[in-house]
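Raw work21.cif, mmCIF, C-alpha atoms:
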data_final
loop_
_atom_site.label_atom_id
_atom_site.label_comp_id
_atom_site.auth_asym_id
_atom_site.auth_seq_id
_atom_site.Cartn_x
_atom_site.Cartn_y
_atom_site.Cartn_z
CA MET A 1 13.73 -23.00 13.25
CA THR A 2 12.22 -22.48 16.69
CA ALA A 3 11.67 -19.13 18.35
CA ARG A 4 14.57 -19.91 20.67
CA ASP A 5 16.91 -20.45 17.70
CA ARG A 6 16.04 -17.14 16.06
CA ALA A 7 18.15 -14.04 16.32
CA PRO A 8 16.30 -11.10 17.90
CA GLU A 9 15.98 -9.37 14.52
CA GLU A 10 14.42 -12.47 12.98
CA THR A 11 11.99 -12.78 15.87
CA ARG A 12 10.97 -9.16 15.49
CA ASP A 13 10.51 -9.58 11.72
CA ALA A 14 8.39 -12.70 12.27
CA ILE A 15 6.16 -10.81 14.70
CA LEU A 16 5.76 -7.89 12.29
CA THR A 17 4.93 -10.16 9.36
CA SER A 18 2.39 -12.08 11.42
CA ALA A 19 0.87 -8.88 12.78
CA PHE A 20 0.54 -7.48 9.26
CA ASP A 21 -1.26 -10.62 8.07
CA GLU A 22 -3.57 -10.56 11.09
CA MET A 23 -4.37 -6.86 10.70
CA TYR A 24 -4.89 -7.20 6.96
CA GLU A 25 -7.40 -10.00 7.42
CA HIS A 26 -9.21 -8.75 10.55
CA GLY A 27 -8.39 -5.05 11.01
CA PHE A 28 -6.36 -3.61 13.86
CA GLN A 29 -9.04 -3.52 16.53
CA ALA A 30 -10.12 -7.12 15.95
CA ALA A 31 -6.55 -8.37 15.54
CA SER A 32 -5.76 -11.07 18.10
CA LEU A 33 -2.41 -11.07 19.85
CA SER A 34 -2.84 -14.79 20.45
CA ARG A 35 -3.24 -15.46 16.74
CA ILE A 36 -0.24 -13.22 16.00
CA LEU A 37 1.87 -15.21 18.46
CA ASP A 38 0.69 -18.49 16.93
CA ARG A 39 1.44 -17.28 13.42
CA ALA A 40 4.90 -16.11 14.40
CA GLY A 41 5.66 -19.07 16.63
CA VAL A 42 6.82 -16.87 19.52
CA THR A 43 5.89 -16.31 23.14
CA LYS A 44 4.09 -13.34 24.63
CA GLY A 45 7.33 -12.41 26.35
CA ALA A 46 9.12 -12.22 23.00
CA LEU A 47 6.42 -9.96 21.63
CA TYR A 48 6.57 -7.55 24.58
CA HIS A 49 10.36 -7.59 24.46
CA HIS A 50 10.16 -5.91 21.06
CA PHE A 51 6.87 -3.99 21.31
CA GLY A 52 5.53 -2.33 24.43
CA SER A 53 1.87 -2.66 23.48
CA LYS A 54 -0.50 -3.71 20.74
CA MET A 55 -0.62 -0.07 19.63
CA ASP A 56 3.18 0.07 19.33
CA LEU A 57 3.04 -3.10 17.25
CA GLY A 58 0.38 -1.60 15.00
CA TYR A 59 2.43 1.55 14.48
CA ALA A 60 5.47 -0.54 13.56
CA VAL A 61 3.42 -2.50 11.03
CA VAL A 62 2.42 0.76 9.32
CA ASP A 63 5.90 2.28 9.43
CA GLU A 64 7.93 -0.76 8.48
CA VAL A 65 5.79 -3.38 6.75
CA ILE A 66 3.21 -1.29 4.90
CA GLY A 67 5.73 1.51 4.38
CA GLY A 68 8.16 -0.97 2.80
CA TRP A 69 5.35 -2.42 0.70
CA MET A 70 4.41 1.05 -0.55
CA THR A 71 8.02 1.90 -1.39
CA GLU A 72 8.56 -1.35 -3.26
CA ARG A 73 5.36 -1.28 -5.27
CA TRP A 74 4.79 2.40 -5.85
CA ILE A 75 7.25 4.98 -4.61
CA SER A 76 10.48 3.52 -6.00
CA ASP A 77 8.96 2.34 -9.27
CA CYS A 78 7.02 5.35 -10.51
CA GLY A 79 9.27 5.78 -13.53
CA TYR A 80 10.76 9.12 -14.42
CA GLU A 81 11.36 9.09 -18.15
CA ASP A 82 8.04 7.45 -19.03
CA PRO A 83 5.96 7.58 -15.83
CA LEU A 84 2.63 6.75 -17.45
CA THR A 85 3.83 3.35 -18.64
CA ALA A 86 5.60 2.74 -15.31
CA ILE A 87 2.51 3.60 -13.27
CA GLY A 88 0.37 1.27 -15.36
CA ARG A 89 2.85 -1.57 -15.09
CA SER A 90 3.24 -1.07 -11.35
CA LEU A 91 -0.53 -1.15 -10.92
CA ILE A 92 -0.95 -4.36 -12.89
CA ALA A 93 2.03 -6.01 -11.17
CA SER A 94 0.75 -4.98 -7.74
CA LEU A 95 -2.67 -6.52 -8.36
CA GLU A 96 -1.16 -9.69 -9.80
CA LYS A 97 1.18 -10.02 -6.83
CA ALA A 98 -1.66 -9.50 -4.36
CA GLY A 99 -3.78 -12.08 -6.16
CA PRO A 100 -7.15 -13.01 -4.61
CA LYS A 101 -6.14 -11.21 -1.41
CA ALA A 102 -6.70 -7.84 -3.08
CA LEU A 103 -10.32 -8.76 -3.74
CA GLN A 104 -10.86 -10.44 -0.41
CA CYS A 105 -9.17 -7.91 1.87
CA GLY A 106 -8.64 -4.75 -0.20
CA CYS A 107 -5.73 -2.34 0.30
CA PRO A 108 -4.03 -2.68 3.69
CA LEU A 109 -3.18 1.02 3.90
CA ASN A 110 -6.66 2.21 2.98
CA ASN A 111 -8.24 -0.35 5.31
CA LEU A 112 -6.36 1.15 8.23
CA ALA A 113 -7.12 4.68 7.05
CA GLN A 114 -10.84 3.93 7.17
CA GLU A 115 -10.67 2.08 10.48
CA MET A 116 -8.09 3.93 12.56
CA SER A 117 -7.54 7.46 11.22
CA PRO A 118 -10.78 8.79 12.77
CA ILE A 119 -9.97 7.42 16.23
CA ASP A 120 -6.20 7.43 16.72
CA GLU A 121 -3.85 10.28 15.86
CA GLY A 122 -0.79 8.02 15.81
CA PHE A 123 -2.31 5.89 13.07
CA ARG A 124 -3.69 8.91 11.24
CA THR A 125 -0.36 10.73 10.98
CA ARG A 126 1.50 7.60 9.89
CA ILE A 127 -1.09 6.73 7.24
CA ALA A 128 -1.19 10.31 5.99
CA ARG A 129 2.61 10.31 5.74
CA LEU A 130 2.57 7.21 3.54
CA PHE A 131 -0.19 8.54 1.29
CA GLY A 132 1.76 11.79 1.08
CA ARG A 133 4.94 9.99 0.03
CA TRP A 134 3.01 8.08 -2.62
CA ARG A 135 1.36 11.26 -3.90
CA ARG A 136 4.62 13.22 -4.01
CA GLY A 137 6.42 10.35 -5.74
CA LEU A 138 3.78 10.20 -8.47
CA ALA A 139 3.70 13.99 -8.82
CA ASP A 140 7.49 14.22 -9.10
CA SER A 141 7.52 11.46 -11.68
CA LEU A 142 4.76 13.10 -13.72
CA GLY A 143 6.61 16.42 -13.49
CA ASN A 144 9.77 14.87 -14.83
CA GLY A 145 7.74 13.29 -17.61
CA GLN A 146 6.46 16.76 -18.48
CA THR A 147 10.02 18.06 -18.68
CA LEU A 148 11.06 15.14 -20.92
CA GLY A 149 8.00 15.40 -23.16
CA THR A 150 6.29 12.13 -22.19
CA VAL A 151 3.48 13.78 -20.18
CA ARG A 152 1.25 16.67 -21.18
CA THR A 153 2.40 20.01 -19.81
CA ASP A 154 -1.13 21.36 -19.35
CA ILE A 155 -1.95 19.06 -16.44
CA ASP A 156 -1.41 19.77 -12.74
CA SER A 157 0.88 16.93 -11.66
CA GLU A 158 -0.10 17.24 -7.98
CA LYS A 159 -3.82 17.02 -8.69
CA VAL A 160 -3.41 14.20 -11.18
CA ALA A 161 -1.26 12.25 -8.71
CA ALA A 162 -3.94 12.58 -6.03
CA PHE A 163 -6.62 11.54 -8.54
CA ILE A 164 -4.67 8.44 -9.61
CA ILE A 165 -4.33 7.32 -6.00
CA GLY A 166 -8.03 7.97 -5.37
CA ALA A 167 -8.96 5.99 -8.48
CA ILE A 168 -6.77 3.04 -7.48
CA GLU A 169 -8.11 2.95 -3.94
CA GLY A 170 -11.69 3.38 -5.15
CA ALA A 171 -11.35 0.54 -7.65
CA ILE A 172 -9.94 -1.80 -5.02
CA GLY A 173 -12.58 -0.74 -2.49
CA LEU A 174 -15.46 -1.34 -4.89
CA GLY A 175 -14.06 -4.69 -5.91
CA LYS A 176 -13.71 -5.70 -2.28
CA SER A 177 -17.20 -4.48 -1.36
CA GLU A 178 -18.87 -6.48 -4.11
CA GLN A 179 -16.27 -9.28 -4.22
CA SER A 180 -16.21 -8.74 -7.96
CA GLU A 181 -13.00 -9.27 -9.90
CA GLU A 182 -14.82 -8.09 -13.02
CA LEU A 183 -15.67 -4.76 -11.37
CA LEU A 184 -12.13 -4.32 -10.06
CA ARG A 185 -10.47 -5.07 -13.37
CA GLY A 186 -12.99 -2.98 -15.29
CA ASN A 187 -12.19 0.07 -13.20
CA ILE A 188 -8.46 -0.53 -13.56
CA GLU A 189 -8.85 -0.75 -17.35
CA VAL A 190 -10.59 2.63 -17.37
CA LEU A 191 -7.79 4.10 -15.24
CA LEU A 192 -5.17 2.74 -17.64
CA ASP A 193 -7.08 4.31 -20.53
CA TYR A 194 -7.10 7.61 -18.63
CA LEU A 195 -3.33 7.47 -18.16
CA GLU A 196 -2.90 7.26 -21.92
CA THR A 197 -4.81 10.54 -22.35
CA LEU A 198 -2.05 12.25 -20.37
CA ARG A 199 0.45 11.77 -23.19
CA PRO A 200 1.22 14.76 -25.43
CA LEU A 201 -0.70 14.81 -28.70
CA GLY A 202 1.16 12.72 -31.25
CA ALA A 203 3.57 11.21 -28.74
CA PRO A 204 4.34 7.55 -29.49
CA ILE A 205 2.90 4.96 -27.11
CA PRO A 206 5.71 2.74 -25.83
CA ALA A 207 5.49 -0.96 -26.57
#
Same coordinates, now as C-alpha cells:
Amino acid sequence: MTARDRAPEETRDAILTSAFDEMYEHGFQAASLSRILDRAGVTKGALYHHFGSKMDLGYAVVDEVIGGWMTERWISDCGYEDPLTAIGRSLIASLEKAGPKALQCGCPLNNLAQEMSPIDEGFRTRIARLFGRWRRGLADSLGNGQTLGTVRTDIDSEKVAAFIIGAIEGAIGLGKSEQSEELLRGNIEVLLDYLETLRPLGAPIPA
C-alpha cells in the first residue's frame, strides 16, 4: 500500500509508529524527520497535515503510542484479586515482548523523562501523567488485594506502588547502561522475590 492509497487515519498511525521507533532508538532531540518519513513511507506534506511541528508529533507519541503501550502492558493488567501474581506476570511478559530492544534501548517512557522533562514542560506534564496513571493503577490494585486478603494490610499501597515502578525502571536502566541481560534479569528476579513478601503470612502462593 502506498501513502496515496492510505486513508488519513492510516497515514497518521504510520507516522506515529515510525516516530515512536525513531524516538525510542535515538531520543526526541536527535530524532530525524527525514528518517521518520522514510520509515512511514509518507511525504513531508502528509506529516505536516497531521502534526504542526516536530514537538506536536512528539507529544502525540507520548499521549497515544506510549500511553497505549502503558495501558496495555501495565495499567489494564494489574490484577485486582491477586495483584502480586498479575504484576509479576505483566513484568515478565513485558520484557519478553520487548526482547533485545529492552536491553538496547531501555524504557521509552523513562528515556523521554530523562531527556525531555528537564527542558520542556509539555513533555514533563505528559510523562508525569503516565507515570501517575501507572502508580495509581498499581496502588488501587494492591489496595483491592488488601481488601480481598491477597496482599498484606500493613503496607502502604501508594508507597509500594511507587517503589515497584522505581525498581522496574532502575533494573531496565542498569541493564541498558551495562548492556547486561544477566544484570537486568537478576534485578527482576529480586523484585519478583520482593513481591512475594507482600503476601499475608500463611497465604497460599498461586500456581
Which residues fall under the PyMOL selection byres ((chain A and resi 167) around 12) in this file, as a ChimeraX atom specification? /A:91,160-166,168-174,184,186-192,194-195
Spatial neighbours of segment 57-60 of chain A, 12 Å, all atoms listed in the file, chain gap at least 2 places, as a VMD selection string: chain A and resid 12 to 13 15 to 24 27 to 33 36 47 to 55 62 to 68 109 112 116 120 to 127
Just give me the gap between atom CA of Ala14 of chain A and atom CA of Thr43 of chain A in Å, one decimal is fine.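 These two atoms are separated by 11.7 Å.
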Run through the PyMOL selection byres ((chain A and resi 79-88) around 12) on the given coordinates and return the selected residues as a PyMOL selection string. chain A and resi 73-78+89-95+134+137-152+157+160-161+164-165+168+188-200+203-207
For the residues in that selection, give me C-alpha atoms as a CSV table (one decimal), keeping the file's coordinate frame.
chain,number,residue,atom,x,y,z
A,73,ARG,CA,5.4,-1.3,-5.3
A,74,TRP,CA,4.8,2.4,-5.8
A,75,ILE,CA,7.2,5.0,-4.6
A,76,SER,CA,10.5,3.5,-6.0
A,77,ASP,CA,9.0,2.3,-9.3
A,78,CYS,CA,7.0,5.4,-10.5
A,89,ARG,CA,2.8,-1.6,-15.1
A,90,SER,CA,3.2,-1.1,-11.4
A,91,LEU,CA,-0.5,-1.2,-10.9
A,92,ILE,CA,-1.0,-4.4,-12.9
A,93,ALA,CA,2.0,-6.0,-11.2
A,94,SER,CA,0.8,-5.0,-7.7
A,95,LEU,CA,-2.7,-6.5,-8.4
A,134,TRP,CA,3.0,8.1,-2.6
A,137,GLY,CA,6.4,10.4,-5.7
A,138,LEU,CA,3.8,10.2,-8.5
A,139,ALA,CA,3.7,14.0,-8.8
A,140,ASP,CA,7.5,14.2,-9.1
A,141,SER,CA,7.5,11.5,-11.7
A,142,LEU,CA,4.8,13.1,-13.7
A,143,GLY,CA,6.6,16.4,-13.5
A,144,ASN,CA,9.8,14.9,-14.8
A,145,GLY,CA,7.7,13.3,-17.6
A,146,GLN,CA,6.5,16.8,-18.5
A,147,THR,CA,10.0,18.1,-18.7
A,148,LEU,CA,11.1,15.1,-20.9
A,149,GLY,CA,8.0,15.4,-23.2
A,150,THR,CA,6.3,12.1,-22.2
A,151,VAL,CA,3.5,13.8,-20.2
A,152,ARG,CA,1.2,16.7,-21.2
A,157,SER,CA,0.9,16.9,-11.7
A,160,VAL,CA,-3.4,14.2,-11.2
A,161,ALA,CA,-1.3,12.2,-8.7
A,164,ILE,CA,-4.7,8.4,-9.6
A,165,ILE,CA,-4.3,7.3,-6.0
A,168,ILE,CA,-6.8,3.0,-7.5
A,188,ILE,CA,-8.5,-0.5,-13.6
A,189,GLU,CA,-8.8,-0.8,-17.4
A,190,VAL,CA,-10.6,2.6,-17.4
A,191,LEU,CA,-7.8,4.1,-15.2
A,192,LEU,CA,-5.2,2.7,-17.6
A,193,ASP,CA,-7.1,4.3,-20.5
A,194,TYR,CA,-7.1,7.6,-18.6
A,195,LEU,CA,-3.3,7.5,-18.2
A,196,GLU,CA,-2.9,7.3,-21.9
A,197,THR,CA,-4.8,10.5,-22.4
A,198,LEU,CA,-2.0,12.2,-20.4
A,199,ARG,CA,0.4,11.8,-23.2
A,200,PRO,CA,1.2,14.8,-25.4
A,203,ALA,CA,3.6,11.2,-28.7
A,204,PRO,CA,4.3,7.6,-29.5
A,205,ILE,CA,2.9,5.0,-27.1
A,206,PRO,CA,5.7,2.7,-25.8
A,207,ALA,CA,5.5,-1.0,-26.6
Which distance in Å separates atom CA of Pro100 of chain A and atom CA of Lys176 of chain A, to one decimal?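 Computing it gives 10.1 Å between the two atoms.
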What's the separation between atom CA of Leu130 of chain A and atom CA of Trp69 of chain A, in Å to one decimal place? 10.4 Å
Name the closest residue to Lys159 of chain A among the candidates A:Gly175, A:Arg135, A:Val42, A:Ser34; distances are taken between atoms, counting all atoms listed in the file. A:Arg135
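Between Asp154 of chain A and the candidates A:Ser117, A:Leu201, A:Ser180, A:Lys97, the tightest atom-to-atom separation, counting only C-alpha atoms, involves A:Leu201.
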